[in-house]
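Data block for my_file_5.txt (compact mmCIF, C-alpha atoms):
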```txt
# COMPACT_ATOMS: atom_id res chain seq x y z
CA GLY T 1 -21.91 4.09 -3.54
CA ASP T 2 -19.65 2.56 -6.20
CA LYS T 3 -20.33 3.98 -9.64
CA ARG T 4 -18.74 1.31 -11.83
CA THR T 5 -17.97 -2.35 -11.83
CA LEU T 6 -14.48 -3.46 -12.70
CA LYS T 7 -13.47 -5.66 -15.62
CA LYS T 8 -11.20 -8.63 -14.95
CA GLY T 9 -8.22 -6.86 -16.54
CA THR T 10 -8.75 -3.87 -14.28
CA LEU T 11 -8.92 -6.11 -11.23
CA VAL T 12 -5.56 -7.61 -12.20
CA TYR T 13 -4.11 -4.13 -12.80
CA CYS T 14 -5.15 -2.96 -9.32
CA ILE T 15 -3.56 -6.00 -7.67
CA LEU T 16 -0.37 -5.69 -9.77
CA ALA T 17 -0.10 -1.96 -9.04
CA GLY T 18 -0.15 -2.76 -5.32
CA ILE T 19 2.39 -5.55 -5.74
CA PHE T 20 4.80 -3.50 -7.86
CA ALA T 21 4.52 -0.42 -5.61
CA SER T 22 5.10 -2.51 -2.50
CA LEU T 23 8.09 -4.28 -4.04
CA ALA T 24 9.63 -1.00 -5.19
CA ALA T 25 9.11 0.65 -1.80
CA SER T 26 10.48 -2.37 0.08
CA LEU T 27 13.54 -2.56 -2.15
CA LEU T 28 14.21 1.17 -1.86
CA ALA T 29 13.86 1.01 1.93
CA THR T 30 16.25 -1.94 2.01
CA LEU T 31 18.75 -0.18 -0.24
CA SER T 32 18.68 2.94 1.94
CA GLN T 33 19.23 0.84 5.08
CA ALA T 34 16.82 3.20 6.82
CA GLY T 35 15.45 0.30 8.86
CA GLN T 36 18.73 0.16 10.73
CA VAL T 37 18.68 3.89 11.48
CA PHE T 38 15.06 4.59 12.42
CA GLU T 39 13.40 2.85 15.34
CA GLY T 40 10.02 1.20 15.20
CA TYR T 41 10.24 -0.44 11.78
CA GLU T 42 11.83 -3.69 12.97
CA SER T 43 9.48 -4.08 15.93
CA ALA T 44 6.44 -3.42 13.74
CA SER T 45 7.66 -5.98 11.20
CA GLN T 46 8.32 -8.56 13.91
CA THR T 47 4.82 -8.07 15.33
CA ILE T 48 3.21 -8.65 11.94
CA PHE T 49 5.41 -11.53 10.80
CA SER T 50 5.51 -13.38 14.13
CA GLN T 51 2.02 -14.80 13.56
CA SER T 52 1.27 -17.94 11.55
CA VAL T 53 1.20 -17.43 7.78
CA LEU T 54 -2.54 -18.10 7.66
CA MET T 55 -3.13 -15.44 10.32
CA GLN T 56 -0.92 -12.99 8.43
CA ILE T 57 -2.86 -13.63 5.22
CA ALA T 58 -6.22 -13.29 6.94
CA ALA T 59 -5.40 -10.25 9.08
CA ALA T 60 -2.74 -8.24 7.24
CA GLY T 61 -3.53 -9.55 3.76
CA ILE T 62 -7.31 -9.26 3.69
CA VAL T 63 -9.02 -7.76 6.76
CA MET T 64 -6.67 -4.82 7.34
CA PRO T 65 -6.73 -3.64 3.70
CA VAL T 66 -10.53 -3.70 3.62
CA VAL T 67 -10.89 -1.86 6.93
CA GLU T 68 -8.13 0.66 6.19
CA GLU T 69 -9.44 1.43 2.70
CA PHE T 70 -12.98 2.00 3.88
CA ASN T 71 -11.71 4.21 6.70
CA PHE T 72 -9.03 6.22 4.90
CA ARG T 73 -10.36 6.40 1.33
CA GLY T 74 -14.05 5.56 1.71
CA LEU T 75 -14.72 7.80 4.70
CA MET T 76 -11.88 10.22 5.31
CA TYR T 77 -10.82 11.14 1.78
CA TYR T 78 -14.35 11.07 0.40
CA ARG T 79 -15.65 13.43 3.14
CA MET T 80 -12.60 15.72 3.03
CA LYS T 81 -13.38 16.43 -0.63
CA ASP T 82 -16.60 18.11 0.55
CA TYR T 83 -14.59 20.69 2.52
CA MET T 84 -11.44 21.21 0.45
CA SER T 85 -9.97 20.54 -2.97
CA ALA T 86 -9.49 16.93 -4.05
CA ASN T 87 -5.71 17.45 -4.17
CA MET T 88 -5.60 18.77 -0.59
CA ALA T 89 -7.88 15.95 0.60
CA MET T 90 -5.58 13.46 -1.15
CA ILE T 91 -2.46 14.83 0.51
CA ILE T 92 -3.95 15.18 4.00
CA SER T 93 -5.67 11.78 4.05
CA SER T 94 -2.49 10.10 2.71
CA LEU T 95 -0.41 11.92 5.32
CA ILE T 96 -2.76 10.72 8.08
CA PHE T 97 -2.59 7.20 6.61
CA GLY T 98 1.20 7.39 6.78
CA LEU T 99 1.17 8.67 10.37
CA TYR T 100 -1.26 5.88 11.30
CA HIS T 101 1.47 3.34 10.56
CA GLY T 102 3.45 4.59 13.56
CA ASN T 103 7.07 4.82 12.40
CA LEU T 104 9.00 6.84 9.87
CA ILE T 105 9.71 4.15 7.28
CA GLN T 106 6.19 2.72 7.23
CA GLY T 107 4.88 6.29 7.45
CA ILE T 108 6.60 7.30 4.22
CA TYR T 109 5.54 4.02 2.64
CA GLY T 110 1.96 4.57 3.86
CA PHE T 111 1.87 8.11 2.50
CA VAL T 112 3.03 7.03 -0.95
CA MET T 113 0.73 4.01 -0.99
CA GLY T 114 -2.13 6.24 0.18
CA LEU T 115 -1.59 8.43 -2.90
CA LEU T 116 -1.65 5.32 -5.10
CA MET T 117 -4.84 4.04 -3.46
CA ILE T 118 -6.57 7.39 -4.06
CA PHE T 119 -5.39 7.35 -7.68
CA VAL T 120 -6.99 3.95 -8.34
CA TYR T 121 -10.09 4.95 -6.35
CA GLU T 122 -10.56 8.08 -8.48
CA LYS T 123 -9.66 6.32 -11.73
CA TYR T 124 -12.16 3.49 -11.31
CA GLN T 125 -14.74 5.15 -9.01
CA THR T 126 -15.14 2.08 -6.83
CA MET T 127 -13.75 1.07 -3.43
CA LEU T 128 -12.91 -2.35 -4.84
CA ALA T 129 -9.97 -0.84 -6.76
CA PRO T 130 -7.97 0.48 -3.77
CA VAL T 131 -8.93 -2.55 -1.68
CA LEU T 132 -7.44 -4.90 -4.30
CA CYS T 133 -4.37 -2.69 -4.67
CA HIS T 134 -3.86 -2.72 -0.89
CA VAL T 135 -4.42 -6.50 -0.71
CA GLY T 136 -1.80 -7.01 -3.42
CA ALA T 137 0.70 -4.78 -1.58
CA ASN T 138 0.23 -6.53 1.75
CA LEU T 139 0.13 -10.07 0.39
CA ILE T 140 3.39 -9.68 -1.55
CA SER T 141 5.09 -8.58 1.68
CA ILE T 142 3.80 -11.69 3.45
CA VAL T 143 4.87 -13.97 0.60
CA LEU T 144 8.37 -12.48 0.42
CA GLU T 145 8.81 -12.75 4.18
CA PHE T 146 7.56 -16.34 4.16
CA LEU T 147 9.92 -17.29 1.31
CA ASN T 148 12.73 -15.34 3.01
CA ILE T 149 13.88 -13.88 -0.30
CA GLN T 150 16.91 -11.64 0.05
CA LEU T 151 18.90 -9.81 -2.58
CA ASP T 152 22.63 -9.60 -2.02
CA SER T 153 23.33 -7.31 -4.97
CA VAL T 154 22.49 -3.62 -4.60
CA MET T 155 22.51 -3.21 -8.37
CA ILE T 156 20.01 -6.03 -8.91
CA ALA T 157 17.75 -4.62 -6.18
CA ALA T 158 17.90 -1.15 -7.74
CA VAL T 159 17.08 -2.50 -11.21
CA ILE T 160 14.15 -4.52 -9.84
CA ALA T 161 12.88 -1.43 -7.97
CA VAL T 162 12.99 0.66 -11.18
CA VAL T 163 11.24 -2.11 -13.14
CA CYS T 164 8.54 -2.29 -10.45
CA LEU T 165 8.02 1.47 -10.56
CA ALA T 166 7.72 1.29 -14.34
CA GLY T 167 5.16 -1.50 -13.85
CA VAL T 168 3.08 0.72 -11.56
CA TYR T 169 3.27 3.51 -14.09
```

What is this file in C-alpha cells?
Amino acid sequence: GDKRTLKKGTLVYCILAGIFASLAASLLATLSQAGQVFEGYESASQTIFSQSVLMQIAAAGIVMPVVEEFNFRGLMYYRMKDYMSANMAMIISSLIFGLYHGNLIQGIYGFVMGLLMIFVYEKYQTMLAPVLCHVGANLISIVLEFLNIQLDSVMIAAVIAVVCLAGVY
C-alpha cells in the first residue's frame, strides 16, 4: 500500500533521524540517571545486550523494527485513523507503543520514538521510512553498547544530546 518510493537521500535521512533521536534520548536518560531510580530498564537492557552481537543485530536491529513498525504504524495507527483524528491516532498508538516496551524509561522513549516514526511515515507515505528510522535507532544502541562508549562529562553529553536533537529537526 506504499504510495511513493524513497530517494537515496531520503533513505539516509530516515536512518539518521532514528540514530540522532536514539542518541539524544539515550544521553538524556543517562543524564537524568532515571535508570538507577526506575526498575525494569536495567533488566531489559541486560536481556537485549546479553546475546551475541550478530544476534542483537539480526533480532533487535532488523527483525524487531520491521515487525514493530508493521504492527504499530502499518496496522494500528493506519486503522485508528479510520475511527478518529490522525492526531489522536498518533498519540494513542505511540502511547501503546511506549507501554509495549514494559518499563517507564523505555516507555517514554518508545512514545517519543513512536511519534517520530509516525512523522516519517506520514511525510513519505511508505512503511520503509519508519522501518529505516527504527533500524537506525536500534542499531546505534547496539553499536554503542558493543563499543562500550561512555561519557564522563555531563556538559559534553548535554551538548551532544542538543546537537542530536537539532539533527533530527

Can you list, as a ChimeraX atom specification, every protein, DNA or RNA residue that comes within 12 Å of T:Arg73 when you count all atoms listed in the file, leaving out same-chain residues fewer than 4 positions away? /T:65-69,77-81,86,89-94,96-97,113-122,125-131,134

What's the separation between atom CA of T:Ser52 and atom CA of T:Phe146, in Å to one decimal place?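 That distance, rounded to one decimal, is 9.8 Å.
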
Near-stretch 57-60 of chain T list (7 Å; all atoms listed in the file; drop same-chain fewer than 4 positions) as number ranges by chain: T: 53, 64, 138-139

Which residues are near stretch 14-17 of chain T? Cut-off 7 Å, all atoms listed in the file, ignore same chain within fewer than 3 positions. Put them as a list in words. Thr10, Leu11, Phe20, Ala21, Ala129, Leu132, Cys133, Gly136 and Val168 of chain T

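Taking atom CA of T:Phe72 and atom CA of T:Val112 as endpoints, the distance between them is 13.4 Å.
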
Can you work out the spacing between atom CA of T:Tyr169 and atom CA of T:Gly110 in Å, to one decimal?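 Result for atom CA of T:Tyr169 versus atom CA of T:Gly110: 18.0 Å, one decimal.
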